[in-house]
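The structure appears below as structure tokens.
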Amino acid sequence: MSTGCNRDHISSREGVRCAEMAMVCLTDFEEYAKEHLSKATWDYYAAGADECCTRDDNLLAYKRIRLRPRILRDVSVSDTRTTVQGTEISFPVGIAPTAFHCMAWHEGEMATARAAEAVNTCYITSTYSTCSVEEIVAAAPNGYRWFQLYVYRDRKLSESIVHRVEALGYKALVLTVDVPYTGKRRDDIRNQFKLPPHLKVKNFDGVIQEAAGPEEYGIPANTLDPSISWKDVYWLQSLTRLPIVIKGILTKEDAELAVEHGVQGIIVSNHGGRQLDGGPATIDALSEIVDTVQGRIEVYLDGGIRTGSDVLKAVALGAKCVFIGRPAVWGLAYKGEDGVREVLQILNDEFRLSMALSGCRNVAEINRNLIQFAKL
């Protein structure tokens, strides 16, 4: 597996193509990753559930939304900064929790964490990291990080990792609630996907016994607890002082319950289309959730963000911040930390340009008046 261009040997044909290839947009990174990762690895990252309708609709939904730009607004100075949970970040894009970064680049999540730290944004570390939470903090000691948490049948497992990340200075827990069971990802089944033998789900190394039986994504099958319910939010609050953000809400009913249960944020998410196929695109679900929450807690979104104008549309519809999943992995596959930084920089530049061309000088000026609601 190639993980980057060797610029010392430009004489080779591959090297020449590499040297000339300007990474202009996120699609360029996607094409590079598809070409350079093994089929099973690419399929794992790209996978959606069942027929991939929801995965694909996450992208298509943005193309159905039109902007109403305002002109002659003096956009000579612009400011993309915002805050999440009271902490300032450089622009309203963070990195969503995605698993197994070492399959894309040898330094894995350590490289991702350094990139997020360099551009001053939020990185949500996945439970299913191929570097441990301790290694990630050591790699980017000043980074702003949240931790994505699953609830396991063995509650002590979840409990111990909560205490670990709190002690390490993670700033929020992202409780992922849309995986009582893993979605049916056809390519992973066809490929009989397994974590490569030299890699481990590092956070559970020595904590979970090596499974003699079947494995699912690097840990023993049936480790996740399908009985998780709203009362577990109270259980989690009893363990930690960290803010709790619930990831995986797609309806106003569940948004209202989240507020009632005292959480600090919601990530509108359909797990990148990897869980229930046939659910809404996240950008289509956003408005009803924002309307229900009424500013009582922060609302974020992931799924389908590929351009700066996608970010602008999501913020205009009420998202405080958006999170990118697959594009961060493509950046890793291209050039490790530098590749992830490039992906974030391109999004930041595109977002700033879209803001200016729409007549917005700062994030506070972005609102629903920017969105055209007429049926196309």
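Each chain in the structure tokens gets a letter, A, B and so on, in the order shown; residues start at 1 in every chain, and ligands are counted from 1 in the order they appear.
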
Fill in: Exercise: stretch 217-221 of chain A partners within 10 Å, only C-alpha atoms, chain neighbours under 6 positions left out, as an MDAnalysis selection string
chainID A and resid 99:100 128 130 182 188 193:197 199:202 204:205 208:211

Practice prompt. Identify all residues of stretch 210-302 of chain A in alpha helix (DSSP H) (DSSP on the backbone) and supply them as a PyMOL selection string.
Written response: chain A and resi 231-239+252-260+282-293

Discussion item. As a list in words, please: every residue in stretch 2-150 of chain A that DSSP puts in strand (DSSP E).
Written reply: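 Taking stretch 2-150 of chain A and keeping strand (DSSP E) only, one gets Arg66, Leu67, Thr82, Thr83, Val84, Thr87, Glu88, Ile89, Val93, Gly94, Ile95, Cys122, Tyr123, Ile124, Thr125, Tyr144, Arg145, Trp146, Phe147, Gln148 and Leu149 of chain A.
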
Selection: 6 Å around stretch 359-367 of chain A, only C-alpha atoms, excl. self and same-chain fewer than 2 positions, as a short mmCIF file (atom, residue, chain, number, x, y, z; two decimals) with C-alpha atoms, in the first residue's frame:
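Produced file selection.cif, reproduced below:
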data_model
loop_
_atom_site.label_atom_id
_atom_site.label_comp_id
_atom_site.auth_asym_id
_atom_site.auth_seq_id
_atom_site.Cartn_x
_atom_site.Cartn_y
_atom_site.Cartn_z
CA ARG A 70 -26.27 39.57 -0.51
CA ILE A 71 -24.02 42.06 -2.31
CA ARG A 73 -21.54 44.44 1.95
CA VAL A 75 -16.31 41.90 2.75
CA SER A 78 -13.59 38.31 7.18
CA ASP A 79 -13.46 36.18 10.32
CA THR A 80 -14.24 32.45 10.28
CA ALA A 316 -27.01 28.94 7.90
CA MET A 355 -19.02 33.59 3.14
CA ALA A 356 -17.61 36.63 1.35
CA LEU A 357 -19.45 35.92 -1.91
CA ASN A 369 -32.01 34.30 5.22
CA LEU A 370 -29.10 32.93 3.21
#

Practice prompt. Record the distance separating atom CA of A:His271 and atom CA of A:Ala139, expressed in Å with one decimal.
Written response: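 Interatomic distance, atom CA of A:His271 to atom CA of A:Ala139: 26.8 Å.
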
Fill in: Atom-to-atom span, atom CA of A:Gly169 and atom CA of A:Ile266, Å
20.9 Å

Worksheet entry | A:Leu157, A:Ile289, A:Val119, A:Val165 ranked by distance to A:Val137, top pick (using only C-alpha atoms) |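 So, comparing all the options, the nearest one is A:Val165.
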
Worksheet item: Interatomic distance between atom CA of A:Glu51 and atom CA of A:Asp277?
Response: 7.0 Å
